[in-house]
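Here the structure comes first, spelled out in structure tokens, and everything after it is commentary.
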Amino acid sequence: MTATPTRSINLRTTVPGPRSRELLARRAAAVPNGLYKAHQIAIESASGALVTDVDGNTFIDFVGGIGVLNAGHCPPSVVAAIQDQAAKLIHFSALVGTYEPYVALCEHLNTVVPISGPCKTILSNSGAEGVENAIKIARAATGRQAIIAFEGAYHGRTLLTLTLTSKYSFKKTFGPFAPEVYRAPFPAAYRMGLSEEEAVERCWEAFERMLVAHVGPEAIAAVIIEPVQGEGGFIPTPCAFMQRLRDFCDRNGSVLIADEVQCGFGRTGTLFAVEQMGVEPDIVVSAKSIAAGMPLAATTGRAAIMDKAHIGGIGGTYGGNPLACVAALEVLKMFNDGELLRRAHRIGAIVREQGAIWQREIPLVGDVRGVGAMMAIELVKDRTTREPAADEVLEVVRYCAEHGVLTMRAGLYANCIRLLMPLVITDDQLHEGLDVLDEALRFVALR
């Protein structure tokens with residue numbers, strides 16, 4: 001790749017450095033082993049697309065807090081809004097009374113979600129809580145219990161959302177799980193070895209068979225789907241499949257829920273990924289990048305559906321905290337002029353261009369896919385069999401970190417490298433990071 005004119009990576013020590021190792025030892029003694037960490041570093045500060053660890057090493061961030069920092073680390077306008085709000089009101093609780101930032105954010109979200117007609121929003125703390133609110137509201141609105149989720153789905157780690165989540169490694173030892181959740185095949189064309197059209201047809205046949213063999217249509221309250229699967233490997237839902245789900249829900253009186261926790265807020269080049277699919281959901285769940293790192297989620301849907309939950313049935317002590325609300329309002333302002341959305345498309349184009357080279361030159365790279373700046377590289381031991389190369393992904397992640405770029409794995413088989421760099425990343429930083437990733441892929445492929 002072409003050398004970049006400026007360098008952002010600055011490694012003063014080996015990675016991890018001595019202070020990072022010290023803090024990691026304290027973490028090991030104080031924090032349960034079950035809390036995974038992708039990198040053996042301890043971060044002290046961050047700005048834009050760069051993070052600096054406690055040893056003074058500066059890295060280019062291709063993880064973005066797992067898709068939380070589309071607007072970048074510590075955007076100045078967000079920081080200022082949080083500081084100003086903290087001097088006036090840190091917490092009150094929407095269960096106790098009303099404060100303007102909560103209402104203003106809900107009003108704004110009601111106008112920007114891709115749902116026609118009147119909408120309403122309830123705020124919560126995390127994506128999982130936002131999904132749970134969507135499920136509860138859908139059940140209240142329909143008087144039904146059954147929920148359809150998909151293979152490869154990730155919807156959270158609470159008991160209900162872990163039931164909805166597909167990947168077994170997240171679930172083992174934690175059962176029994178919530179009842180009345182049914183799993184349908186997802187049209188992951190590359191992994192199925194089919195064209196997208198063939199994958200849609202095969203999975204739709206299985207969906208219709210499920211309605212006979214597993215659950216009756218009259219019992220289905222909602223279908224929940226990620227417009228672009230996140231943990232499943234950054235697999236876009238084919239438009240034709242999403243449209244069939246919309247048609248089914250319309251005919252059956254079920255609620256279509258779009259989980260945009262990871263793919264929303266500009267990551268794919270539109271504020272919500274489902275906008276690109278020609279389909280209106282009934283409920284959209286937002287979180288992660290909605291508030292530039294503050295804990296916040298939103299469940300936004302058709303007012304007639306959202307009002308079906310009984311008074312006192314939804315809510316939580318911290319949901320819609322004033323600090324998080326003002327952060328989200330500033331993030332929405334950052335997207336107003338469309339520049340960050342255009343930036344997502346440019347980032348995606350640059351990654352795809354480099355990905356095409358990897359696919360031609362590195363047999364380890366089986367597929368490069370995604371929408372906008374939500375991109376993944378799937379590694380395989382053999383392109384014919386598509387045998388997942390999960391160990392190789394860990395080697396690539398480690399090599400990148402040791403050379404100044406933070407990446408993270410994903411995928412049902414843990415054989416994908418997810419790219420979620422902040423949309424404010426400069427071209428120089430993006431190319432510098434891709435240079436390191438290129439070196440890592442070639443190094444691991446030759447071992």
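By convention in this document, the chains of the structure tokens carry letters A, B, ... by their order, each chain's residues are numbered from 1, and ligands are numbered from 1 in the order they are shown.
Near Asp259 in chain A, within a cut-off of 8 Å and counting only C-alpha atoms, sit the residues A:Val131, A:His155, A:Ile224, A:Ile225, A:Glu226, A:Pro227, A:Ile257, A:Val261, A:Gln262, A:Val284, A:Val285, A:Ser286, with same-chain residues fewer than 2 positions away left out.
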Kindly save the residues from that selection, with N, CA, C and O atoms included, as a PDB file, in the first residue's frame.
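Below is the file part_16.pdb, written as the result:
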```pdb
ATOM      1  N   VAL A 131     -33.731  -3.708  23.822  1.00  0.00           N
ATOM      2  CA  VAL A 131     -34.360  -4.851  23.169  1.00  0.00           C
ATOM      3  C   VAL A 131     -35.453  -5.432  24.059  1.00  0.00           C
ATOM      4  O   VAL A 131     -36.547  -5.767  23.593  1.00  0.00           O
ATOM      5  N   HIS A 155     -28.325 -10.025  20.506  1.00  0.00           N
ATOM      6  CA  HIS A 155     -29.253  -9.024  21.026  1.00  0.00           C
ATOM      7  C   HIS A 155     -28.959  -8.630  22.462  1.00  0.00           C
ATOM      8  O   HIS A 155     -29.697  -7.817  23.033  1.00  0.00           O
ATOM      9  N   ILE A 224     -37.685 -10.230  15.455  1.00  0.00           N
ATOM     10  CA  ILE A 224     -36.602  -9.285  15.716  1.00  0.00           C
ATOM     11  C   ILE A 224     -35.400  -9.662  14.873  1.00  0.00           C
ATOM     12  O   ILE A 224     -35.020 -10.826  14.797  1.00  0.00           O
ATOM     13  N   ILE A 225     -34.813  -8.667  14.220  1.00  0.00           N
ATOM     14  CA  ILE A 225     -33.701  -8.920  13.310  1.00  0.00           C
ATOM     15  C   ILE A 225     -32.771  -7.710  13.269  1.00  0.00           C
ATOM     16  O   ILE A 225     -33.215  -6.566  13.409  1.00  0.00           O
ATOM     17  N   GLU A 226     -31.483  -7.977  13.109  1.00  0.00           N
ATOM     18  CA  GLU A 226     -30.497  -6.925  12.880  1.00  0.00           C
ATOM     19  C   GLU A 226     -30.418  -6.664  11.378  1.00  0.00           C
ATOM     20  O   GLU A 226     -30.156  -7.588  10.614  1.00  0.00           O
ATOM     21  N   PRO A 227     -30.637  -5.439  10.921  1.00  0.00           N
ATOM     22  CA  PRO A 227     -30.476  -5.161   9.494  1.00  0.00           C
ATOM     23  C   PRO A 227     -29.089  -5.529   8.969  1.00  0.00           C
ATOM     24  O   PRO A 227     -28.952  -5.945   7.818  1.00  0.00           O
ATOM     25  N   ILE A 257     -39.315  -5.810  14.584  1.00  0.00           N
ATOM     26  CA  ILE A 257     -38.361  -5.038  15.395  1.00  0.00           C
ATOM     27  C   ILE A 257     -37.005  -5.040  14.703  1.00  0.00           C
ATOM     28  O   ILE A 257     -36.448  -6.101  14.415  1.00  0.00           O
ATOM     29  N   VAL A 261     -28.774  -1.576  17.263  1.00  0.00           N
ATOM     30  CA  VAL A 261     -27.847  -1.224  18.336  1.00  0.00           C
ATOM     31  C   VAL A 261     -26.443  -0.999  17.794  1.00  0.00           C
ATOM     32  O   VAL A 261     -25.780  -0.021  18.149  1.00  0.00           O
ATOM     33  N   GLN A 262     -25.972  -1.902  16.930  1.00  0.00           N
ATOM     34  CA  GLN A 262     -24.612  -1.757  16.398  1.00  0.00           C
ATOM     35  C   GLN A 262     -24.579  -1.119  15.014  1.00  0.00           C
ATOM     36  O   GLN A 262     -23.694  -0.335  14.711  1.00  0.00           O
ATOM     37  N   VAL A 284     -37.739   0.371  16.367  1.00  0.00           N
ATOM     38  CA  VAL A 284     -36.290   0.414  16.164  1.00  0.00           C
ATOM     39  C   VAL A 284     -35.625   0.544  17.530  1.00  0.00           C
ATOM     40  O   VAL A 284     -36.040   1.373  18.358  1.00  0.00           O
ATOM     41  N   VAL A 285     -34.606  -0.268  17.760  1.00  0.00           N
ATOM     42  CA  VAL A 285     -33.818  -0.174  18.993  1.00  0.00           C
ATOM     43  C   VAL A 285     -32.472   0.442  18.658  1.00  0.00           C
ATOM     44  O   VAL A 285     -31.752  -0.044  17.780  1.00  0.00           O
ATOM     45  N   SER A 286     -32.131   1.531  19.352  1.00  0.00           N
ATOM     46  CA  SER A 286     -30.848   2.218  19.180  1.00  0.00           C
ATOM     47  C   SER A 286     -30.059   2.140  20.473  1.00  0.00           C
ATOM     48  O   SER A 286     -30.640   2.087  21.560  1.00  0.00           O
TER      49      SER A 286
END
```
Open item on the list: as a count of residues only, please: every residue in range 45-176 of chain A that DSSP puts in strand (DSSP E).
Closed with: 22
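Atom pair CA of Pro101 in chain A / CA of Leu323 in chain A has a distance of 8.5 Å (rounded to one decimal).
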Report as a PDB file with N, CA and C atoms, in the first residue's frame all protein, DNA and RNA residues lying within 10 Å of Glu387 in chain A, evaluated on only C-alpha atoms, omitting residues in the same chain fewer than 5 positions from it.
```pdb
ATOM      1  N   ARG A 191     -21.424 -18.061   3.952  1.00  0.00           N
ATOM      2  CA  ARG A 191     -21.236 -19.230   4.807  1.00  0.00           C
ATOM      3  C   ARG A 191     -22.048 -20.419   4.290  1.00  0.00           C
ATOM      4  N   GLY A 366     -11.254 -14.990   3.018  1.00  0.00           N
ATOM      5  CA  GLY A 366     -12.334 -15.611   2.273  1.00  0.00           C
ATOM      6  C   GLY A 366     -13.354 -14.625   1.771  1.00  0.00           C
ATOM      7  N   LEU A 379     -11.896 -14.831   7.685  1.00  0.00           N
ATOM      8  CA  LEU A 379     -10.714 -15.635   7.401  1.00  0.00           C
ATOM      9  C   LEU A 379     -11.080 -17.116   7.369  1.00  0.00           C
ATOM     10  N   VAL A 380     -10.540 -17.805   6.390  1.00  0.00           N
ATOM     11  CA  VAL A 380     -10.822 -19.235   6.221  1.00  0.00           C
ATOM     12  C   VAL A 380      -9.507 -19.978   5.961  1.00  0.00           C
ATOM     13  N   LYS A 381      -9.467 -21.215   6.411  1.00  0.00           N
ATOM     14  CA  LYS A 381      -8.295 -22.054   6.153  1.00  0.00           C
ATOM     15  C   LYS A 381      -8.271 -22.537   4.706  1.00  0.00           C
ATOM     16  N   ASP A 382      -9.438 -22.662   4.112  1.00  0.00           N
ATOM     17  CA  ASP A 382      -9.564 -23.152   2.743  1.00  0.00           C
ATOM     18  C   ASP A 382     -10.771 -22.477   2.098  1.00  0.00           C
ATOM     19  N   TYR A 413     -18.448 -18.081  14.100  1.00  0.00           N
ATOM     20  CA  TYR A 413     -17.318 -18.996  14.290  1.00  0.00           C
ATOM     21  C   TYR A 413     -16.063 -18.259  14.768  1.00  0.00           C
ATOM     22  N   ASN A 415     -14.302 -16.103  13.390  1.00  0.00           N
ATOM     23  CA  ASN A 415     -13.268 -16.067  12.365  1.00  0.00           C
ATOM     24  C   ASN A 415     -13.326 -14.811  11.504  1.00  0.00           C
TER      25      ASN A 415
END
```
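Remark: for Thr58 in chain A, the closest of the candidate residues A:Leu437, A:Ala206, A:Ala401, A:Ala328 is A:Ala401 (distances computed over only C-alpha atoms).
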Applying 7 Å and only C-alpha atoms, which residues near range 306-310 of chain A remain after dropping the ones on its own chain fewer than 5 positions away? List them as an mmCIF file with N, CA, C and O atoms, in the first residue's frame.
```
data_model
loop_
_atom_site.group_PDB
_atom_site.id
_atom_site.type_symbol
_atom_site.label_atom_id
_atom_site.label_comp_id
_atom_site.auth_asym_id
_atom_site.auth_seq_id
_atom_site.Cartn_x
_atom_site.Cartn_y
_atom_site.Cartn_z
ATOM 1 N N LYS A 120 -43.272 7.153 19.352
ATOM 2 C CA LYS A 120 -42.903 7.466 20.724
ATOM 3 C C LYS A 120 -41.645 6.676 21.086
ATOM 4 O O LYS A 120 -41.351 5.640 20.486
ATOM 5 N N ILE A 137 -43.082 -4.583 24.902
ATOM 6 C CA ILE A 137 -44.109 -3.757 24.282
ATOM 7 C C ILE A 137 -44.811 -4.522 23.163
ATOM 8 O O ILE A 137 -46.042 -4.446 23.011
ATOM 9 N N ALA A 140 -47.239 -6.884 24.725
ATOM 10 C CA ALA A 140 -48.407 -6.170 25.250
ATOM 11 C C ALA A 140 -49.330 -5.725 24.113
ATOM 12 O O ALA A 140 -50.563 -5.774 24.239
ATOM 13 N N ALA A 141 -48.737 -5.306 22.997
ATOM 14 C CA ALA A 141 -49.530 -4.782 21.888
ATOM 15 C C ALA A 141 -50.300 -5.873 21.151
ATOM 16 O O ALA A 141 -51.397 -5.617 20.632
ATOM 17 N N GLY A 301 -40.895 3.487 18.415
ATOM 18 C CA GLY A 301 -41.818 2.754 17.562
ATOM 19 C C GLY A 301 -43.108 3.510 17.314
ATOM 20 O O GLY A 301 -43.303 4.632 17.809
#
```
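Distance check against Ile417 in chain A using only C-alpha atoms: of A:Thr165, A:Glu330, A:Arg244, A:Val63, the minimum falls on A:Val63.
Taking CA of Cys416 in chain A as the reference point, CA of Phe59 in chain A is found at 20.8 Å.
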Counting only C-alpha atoms, which residues of range 355-447 of chain A sit at most 12 Å from some atom of range 166-183 of chain A, and what is each one's closest atom pair with its distance in Å to one decimal, listed by chain and rising residue number, as a Markdown table?
```
| residue | atom | partner | partner_atom | distance |
| --- | --- | --- | --- | --- |
| A:Ala410 | CA | A:Lys167 | CA | 10.7 |
| A:Gly411 | CA | A:Lys167 | CA | 8.9 |
| A:Leu412 | CA | A:Lys167 | CA | 6.0 |
| A:Tyr413 | CA | A:Lys167 | CA | 8.6 |
| A:Ala414 | CA | A:Lys167 | CA | 9.8 |
```
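Considering the residues A:Arg144, A:Lys88, A:Arg202, A:Arg302 and counting only C-alpha atoms, Leu109 in chain A has its shortest atom-to-atom contact with A:Arg302.
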